[in-house]
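A short write-up of the structure that comes next.
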Protein chains: 2
Amino acid sequence: MKINQKELTGVKEIARRAKVSIGTVDRVIHNRTGVSIKTKEKIEAIIAEMDYQPNLLGRRLASNKITRLATMIPSVSGETSFWEAPLKGIEDAEFEIRQYNVKIEKYFFDQDDKASFLKQANKIVKDKPDGVLLAPSFIDESINFTTKCKKLNIPYVFIDSDIPEQSSLSYIGPDLYSSGYLAANLTNYLIKKNDHILIVNISREMENHHHLLRKEDGFRGYFKKYNISNPVSKVDIRGVDYNSVKKSLNLVFRKNPDIKLIFVTNSRVSTVSQYLIDTNRNPLLIGYDFLKENIRYLEEDVINFLICQKPGEQAYKGLMALYKHIVLKLPVEGCIYMPIDIIMKSNYLFYTN
Amino acid sequence: MKINQKELTGVKEIARRAKVSIGTVDRVIHNRTGVSIKTKEKIEAIIAEMDYQPNLLGRRLASNKITRLATMIPSVSGETSFWEAPLKGIEDAEFEIRQYNVKIEKYFFDQDDKASFLKQANKIVKDKPDGVLLAPSFIDESINFTTKCKKLNIPYVFIDSDIPEQSSLSYIGPDLYSSGYLAANLTNYLIKKNDHILIVNISREMENHHHLLRKEDGFRGYFKKYNISNPVSKVDIRGVDYNSVKKSLNLVFRKNPDIKLIFVTNSRVSTVSQYLIDTNRNPLLIGYDFLKENIRYLEEDVINFLICQKPGEQAYKGLMALYKHIVLKLPVEGCIYMPIDIIMKSNYLFYTN
DNA sequence: ACTATTGCCGTGTACGTAAACAAATCCTGT
DNA sequence: ACAGGATTTGTTTACGTACACGGCAATAGT
């Protein structure tokens with residue numbers, strides 16, 4: 001370690017060169033009022049010439065403001081552990097930016113209950129945080145909510161699924177169509193001519209169903225593009241419990257006992273797995289998400305491939321984007337599609353969600 | 001934004017509670033000399049009780065020290081663009097921690113020239129940085145180098161490949177065996193009984209060959225574990241130019257014209273791709289690394305799968321580990337295996353190296 | 001008894017920036 | 001020319017920590 005030789009940098013140097021006080025420089029930097037146009041231009045020229053980068057340490061230290069970020073995601077229910085990862089991501093981000101006077105306030109809603117979403121959304125609006133991270137599970141309600149945010153000048157970031165028309169600060173999550181497309185590409189390596197394929201959509205709320213259909217579109221899009229003519233059936237299941245799934249799949253298998261590959265469009269693939277074990281069937285199985293229950297079936301060779309898009313990192317990056325935008329006033333990418341990861345038995349151990 | 005209500009925290013509060021000055025508290029925190037055992041214990045008790053976390057902003061701002069980190073990786077040659085990504089990762093990290101008075105000094109060596117490695121290593125030893133990030137391409141020389149570092153009390157982190165005996169601060173990179181194992185798992189989905197498989201190792205320097213062999217071991221390990229009896233040939237090619245590869249592969253294909261799948265154990269898979277195009281052959285092809293040239297062949301359906309382990313992130317994380325250890329004095333994970341990513345035509349667009 | 005040494009501790013300044021406060025300058029109308 | 005307000009500019013303190021410096025008391029040395 002060496003002692004820093006005095007580099008001429010910082011507001012002080014700007015002030016020196018412009019022959020004004022640091023107070024004036026400060027006013028220009030924060031374009032506050034009370035600076036004559038002439039000195040303002042002079043200072044701005046010097047700032048540009050020096051390529052002045054404000055020292056974030058000094059800035060954050062001197063600014064006694066607390067930045068409050070709100071996060072709104074589904075609560076971790078016993079029914080699915082999917083939202084554990086985003087919560088972890090939120091906590092990681094919290095830990096990292098806590099030292100910069102950023103506080104994170106977490107709001108949770110019930111994925112199967114619109115009313116709870118509304119209630120929490122209203123609470124956020126009332127609390128007026130400086131930024132919002134949102135998993136927009138309910139589309140109309142999310143539009144409503146973010147419209148209010150826009151009016152209040154509160155920037156918001158979407159994760160998990162996008163509402164492109166709502167011009168968020170950023171979307172960080174999967175490209176659903178492409179992930180279905182990838183599943184089809186994978187499928188194409190696994191099947192033979194005329195093998196029967198089944199697409200399974202499982203979700204209770206109509207809303208979430210939307211997302212599943214985009215994946216299905218992607219899947220079928222691939223088949224269409226490459227003129228793959230295998231028969232593709234599909235079933236929509238409107239209950240997430242085992243019995244609903246069992247009942248529906250029983251019907252399907254009665255009609256098509258020779259299904260060779262099943263593509264489950266979300267993390268409910270574990271329920272299908274259990275069904276397959278119980279009915280002693282053994283088609284190839286592709287599903288979604290790095291959940292404990294899914295990994296178990298992956299280990300047991302019931303699930304062959306899981307597609308995953310780092311939900312934890314989505315939340316982490318979403319908060320960091322808010323931090324960069326609000327605190328550092330840095331530009332932020334408007335849309336970050338997460339990589340589409342393929343998980344199988346031999347690499348899941350190394351995966352970080 | 002709200003004004004921070006005065007939370008009682010920091011050295012000042014410690015000083016207040018202990019009825020001493022902040023100078024004394026400071027001495028205890030940095031366990032400097034000049035504090036009576038009694039007050040020292042009292043202060044330590046209070047620190048523990050308060051769960052005092054030093055404010056990093058204040059700390060870094062007050063400390064005028066510059067931390068110098070050295071990075072040592074192969075230079076980006078025209079021959080392979082592999083090291084572009086780590087360099088990018090280094091630059092990303094540099095940008096991020098620059099504001100904390102951390103400077104990064106980059107050293108490059110020629111991957112095919114031990115002498116250049118030695119020269120650069122000596123230069124680093126002479127320059128005495130505060131930490132080193134190293135891609136230990138040459139094993140013996142790396143051991144020698146890091147031993148010197150250890151004597152000088154300079155922590156070092158390995159990326160890309162590990163030397164476990166050298167007790168580095170951390171290793172961040174692939175588990176080579178497992179990545180070969182995964183390739184075999186994938187292979188097993190793609191082939192039929194009795195399909196002939198070829199493993200191709202291409203490298204000029206004996207050293208790098210080691211790494212390839214670990215992948216080959218993993219590949220064969222999978223086959224062994226699951227009693228897969230497909231014929232597996234292999235060829236070691238000691239030249240990275242097209243003609244060397246061509247000559248060797250011509251020999252192989254003369255003997256085994258019916259090879260159904262080729263596993264190339266490193267990024268040289270592009271050379272094999274070109275060969276396959278030129279000789280109008282079309283086996284399945286699995287290789288390594290997200291390089292422009294490889295992606296081209298992926299797009300053209302010559303390469304089917306690329307295995308990749310985010311070399312850019314390795315370097316980034318490596319530097320961050322050094323930063324955390326040296327500057328923040330935080331504990332650091334000793335070994336971080338990167339996820340083993342599978343890249344194919346339908347997801348490469350979303351991949352971040 | 002006087003100085004020199006040592007151990008212990010408090011004070012002050014600095015880091016780079018933010019923001020409140022204070023002061024100087026500029027207008028405008030009389 | 002001057003009051004009085006508006007506009008522009010300068011000064012100061014503070015953020016939390018690091019560290020140099022200096023001071024005081026107690027002990028040791030002569």
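FYI, nothing fancy with the structure tokens labels: chains A, B, ... in order, residues from 1 per chain, ligands from 1 as they appear.
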Sort by chain and increasing residue number a table of all residues of chain A within 9 Å of chain B, each with its closest pair of atoms and their distance in Å to one decimal, counting only C-alpha atoms, and write it as a Markdown table.
```
| residue | atom | partner | partner_atom | distance |
| --- | --- | --- | --- | --- |
| A:Met1 | CA | B:Ile66 | CA | 5.6 |
| A:Lys2 | CA | B:Ile66 | CA | 5.9 |
| A:Ile3 | CA | B:Lys65 | CA | 5.4 |
| A:Asn4 | CA | B:Asn64 | CA | 6.2 |
| A:Asn55 | CA | B:Gln99 | CA | 6.7 |
| A:Leu56 | CA | B:Gln99 | CA | 6.9 |
| A:Leu57 | CA | B:Leu57 | CA | 5.2 |
| A:Gly58 | CA | B:Leu61 | CA | 6.7 |
| A:Arg60 | CA | B:Leu57 | CA | 7.5 |
| A:Leu61 | CA | B:Leu57 | CA | 6.3 |
| A:Asn64 | CA | B:Asn4 | CA | 6.1 |
| A:Lys65 | CA | B:Ile3 | CA | 5.4 |
| A:Ile66 | CA | B:Met1 | CA | 5.7 |
| A:Thr67 | CA | B:Met1 | CA | 5.7 |
| A:Arg68 | CA | B:Met1 | CA | 7.0 |
| A:Gln99 | CA | B:Asn55 | CA | 6.8 |
| A:Tyr100 | CA | B:Leu57 | CA | 7.8 |
| A:Asn101 | CA | B:Asn4 | CA | 8.8 |
| A:Pro129 | CA | B:Met1 | CA | 7.7 |
| A:Asp130 | CA | B:Met1 | CA | 6.8 |
| A:Asp175 | CA | B:Phe350 | CA | 9.0 |
| A:Ser178 | CA | B:Ser346 | CA | 7.3 |
| A:Ser179 | CA | B:Asn347 | CA | 7.8 |
| A:Tyr181 | CA | B:Ser346 | CA | 6.9 |
| A:Leu182 | CA | B:Ser346 | CA | 5.2 |
| A:Ala183 | CA | B:Ser346 | CA | 8.9 |
| A:Asn185 | CA | B:Ser346 | CA | 6.9 |
| A:Leu186 | CA | B:Met344 | CA | 8.8 |
| A:Tyr189 | CA | B:Leu190 | CA | 6.5 |
| A:Leu190 | CA | B:Tyr189 | CA | 6.5 |
| A:Tyr337 | CA | B:Phe350 | CA | 6.6 |
| A:Met338 | CA | B:Phe350 | CA | 6.4 |
| A:Pro339 | CA | B:Phe350 | CA | 4.6 |
| A:Ile340 | CA | B:Asn347 | CA | 6.0 |
| A:Asp341 | CA | B:Asp341 | CA | 6.6 |
| A:Ile342 | CA | B:Ile342 | CA | 6.1 |
| A:Ile343 | CA | B:Asp341 | CA | 8.1 |
| A:Met344 | CA | B:Leu182 | CA | 8.3 |
| A:Lys345 | CA | B:Asn185 | CA | 8.2 |
| A:Ser346 | CA | B:Leu182 | CA | 5.2 |
| A:Asn347 | CA | B:Ile340 | CA | 6.0 |
| A:Tyr348 | CA | B:Pro339 | CA | 8.1 |
| A:Leu349 | CA | B:Pro339 | CA | 8.1 |
| A:Phe350 | CA | B:Pro339 | CA | 4.6 |
| A:Tyr351 | CA | B:Pro339 | CA | 4.9 |
| A:Thr352 | CA | B:Pro339 | CA | 7.0 |
```
Handout entry: Near-Ser267 (chain B) list (12 Å; only C-alpha atoms (C1' of nucleotides); drop same-chain fewer than 3 positions) as JSON, numbers by chain
Key = {"B": [79, 80, 81, 82, 83, 200, 201, 202, 203, 212, 240, 263, 264, 270, 271, 272, 273, 286, 287, 288, 289, 290, 291, 292, 293, 294, 295, 297, 303, 305, 306, 307, 308, 309]}
Next, dump the selected residues to file, keeping only C-alpha atoms, as a short mmCIF file (atom, residue, chain, number, x, y, z; two decimals), in the first residue's frame.
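Output file out.cif is given in full below:
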```
data_model
loop_
_atom_site.label_atom_id
_atom_site.label_comp_id
_atom_site.auth_asym_id
_atom_site.auth_seq_id
_atom_site.Cartn_x
_atom_site.Cartn_y
_atom_site.Cartn_z
CA GLU B 79 -5.34 -17.67 -32.09
CA THR B 80 -8.09 -17.89 -29.48
CA SER B 81 -10.38 -15.30 -28.01
CA PHE B 82 -11.00 -17.26 -24.86
CA TRP B 83 -9.29 -14.78 -22.56
CA VAL B 200 -10.75 -35.01 -29.02
CA ASN B 201 -8.08 -33.24 -26.98
CA ILE B 202 -6.38 -30.37 -28.75
CA SER B 203 -3.62 -28.37 -27.11
CA LEU B 212 -8.36 -31.69 -20.80
CA VAL B 240 -3.86 -26.09 -32.61
CA PHE B 263 -16.65 -34.49 -27.69
CA VAL B 264 -13.98 -31.82 -27.96
CA SER B 270 -14.41 -24.58 -33.83
CA THR B 271 -11.46 -26.07 -35.66
CA VAL B 272 -13.10 -29.46 -35.58
CA SER B 273 -16.30 -27.85 -36.83
CA ILE B 286 -20.16 -31.13 -28.12
CA GLY B 287 -17.51 -28.64 -27.19
CA TYR B 288 -16.54 -25.89 -24.84
CA ASP B 289 -16.79 -22.18 -24.41
CA PHE B 290 -18.83 -19.28 -25.57
CA LEU B 291 -16.52 -17.86 -28.22
CA LYS B 292 -17.58 -15.98 -31.29
CA GLU B 293 -16.16 -18.61 -33.59
CA ASN B 294 -17.92 -21.38 -31.70
CA ILE B 295 -21.22 -19.57 -31.69
CA TYR B 297 -20.83 -23.04 -35.79
CA ILE B 303 -21.89 -27.63 -33.01
CA PHE B 305 -23.87 -28.13 -27.48
CA LEU B 306 -21.34 -25.89 -25.85
CA ILE B 307 -20.42 -26.25 -22.23
CA CYS B 308 -19.44 -23.03 -20.61
CA GLN B 309 -18.50 -21.78 -17.21
#
```
Problem - Residues of chain D within 7 Å of chain A, counting only C-alpha atoms (C1' of nucleotides), as a ChimeraX atom specification - result: /D:7-10,15
With region 4-25 of chain C as the partner and 9 Å as the cut-off, tabulate the residues of chain D that qualify, each row holding the nearest pair of atoms and their distance in Å to one decimal, using only C-alpha atoms (C1' of nucleotides), sorted by chain and rising number, as a Markdown table.
```
| residue | atom | partner | partner_atom | distance |
| --- | --- | --- | --- | --- |
| D:DT7 | C1' | C:DT25 | C1' | 8.2 |
| D:DT8 | C1' | C:DT25 | C1' | 7.0 |
| D:DT9 | C1' | C:DA24 | C1' | 7.1 |
| D:DG10 | C1' | C:DA23 | C1' | 7.1 |
| D:DT11 | C1' | C:DA22 | C1' | 7.3 |
| D:DT12 | C1' | C:DC21 | C1' | 8.0 |
| D:DT13 | C1' | C:DA20 | C1' | 8.6 |
| D:DA14 | C1' | C:DA18 | C1' | 8.8 |
| D:DA18 | C1' | C:DA14 | C1' | 8.8 |
| D:DA20 | C1' | C:DT13 | C1' | 8.9 |
| D:DC21 | C1' | C:DG12 | C1' | 8.6 |
| D:DG22 | C1' | C:DT11 | C1' | 8.3 |
| D:DG23 | C1' | C:DG10 | C1' | 8.3 |
| D:DC24 | C1' | C:DC9 | C1' | 8.7 |
| D:DA25 | C1' | C:DC8 | C1' | 8.8 |
| D:DA26 | C1' | C:DG7 | C1' | 8.4 |
| D:DT27 | C1' | C:DT6 | C1' | 7.7 |
| D:DA28 | C1' | C:DT5 | C1' | 7.2 |
| D:DG29 | C1' | C:DA4 | C1' | 7.6 |
```
Exercise for the section: Would you list the contacts of region 257-262 of chain A as a PyMOL selection string, taking every protein, DNA or RNA residue within 6 Å and counting only C-alpha atoms (C1' of nucleotides), but skipping same-chain residues closer than 5 positions in sequence? Expected result: chain A and resi 195-199+283-285
Please write the residues from the selection above to a file, keeping C-alpha atoms, as a PDB file, in the first residue's frame.
```
ATOM      1  CA  ASP A 195     -43.207 -39.796 -30.756  1.00  0.00           C
ATOM      2  CA  HIS A 196     -46.186 -38.320 -28.993  1.00  0.00           C
ATOM      3  CA  ILE A 197     -45.585 -35.169 -26.948  1.00  0.00           C
ATOM      4  CA  LEU A 198     -47.690 -33.670 -24.182  1.00  0.00           C
ATOM      5  CA  ILE A 199     -47.695 -30.093 -22.958  1.00  0.00           C
ATOM      6  CA  PRO A 283     -41.786 -40.671 -20.391  1.00  0.00           C
ATOM      7  CA  LEU A 284     -39.108 -38.047 -20.742  1.00  0.00           C
ATOM      8  CA  LEU A 285     -39.949 -35.061 -18.602  1.00  0.00           C
TER       9      LEU A 285
END
```
Which neighbours of region 310-326 of chain B fall inside 6 Å, counting only C-alpha atoms (C1' of nucleotides), when residues of the same chain fewer than 4 positions from it are skipped, and could you give them as a tab-separated table (two decimals) with N, CA and C atoms, in the first residue's frame?
```
chain	number	residue	atom	x	y	z
B	85	ALA	N	-13.03	-12.79	-22.36
B	85	ALA	CA	-14.08	-12.73	-21.33
B	85	ALA	C	-13.50	-12.45	-19.95
B	86	PRO	N	-12.48	-13.19	-19.52
B	86	PRO	CA	-11.90	-12.86	-18.22
B	86	PRO	C	-11.39	-11.43	-18.17
B	89	GLY	N	-14.17	-9.33	-17.49
B	89	GLY	CA	-14.56	-9.46	-16.09
B	89	GLY	C	-13.64	-8.65	-15.18
B	90	ILE	N	-12.37	-8.66	-15.51
B	90	ILE	CA	-11.41	-7.88	-14.72
B	90	ILE	C	-11.74	-6.40	-14.82
B	93	ALA	N	-14.80	-5.49	-12.78
B	93	ALA	CA	-14.49	-5.40	-11.36
B	93	ALA	C	-13.71	-4.13	-11.08
B	172	ILE	N	-11.80	-20.01	-7.99
B	172	ILE	CA	-13.08	-19.72	-8.62
B	172	ILE	C	-13.02	-20.20	-10.05
B	173	GLY	N	-13.69	-21.28	-10.34
B	173	GLY	CA	-13.62	-21.81	-11.69
B	173	GLY	C	-14.38	-23.10	-11.81
B	330	LEU	N	-13.26	-9.22	5.09
B	330	LEU	CA	-14.38	-10.13	5.27
B	330	LEU	C	-13.92	-11.55	4.94
B	353	ASN	N	-21.36	-14.24	-20.65
B	353	ASN	CA	-20.16	-15.03	-20.41
B	353	ASN	C	-19.52	-14.65	-19.08
```
Exercise for the section: Can you list, as a PyMOL selection string, all residues belonging to region 134-285 of chain A that DSSP tags as helix (DSSP H, G or I)? Expected result: chain A and resi 139-151+164-166+176-190+206-225+242-255+269-278
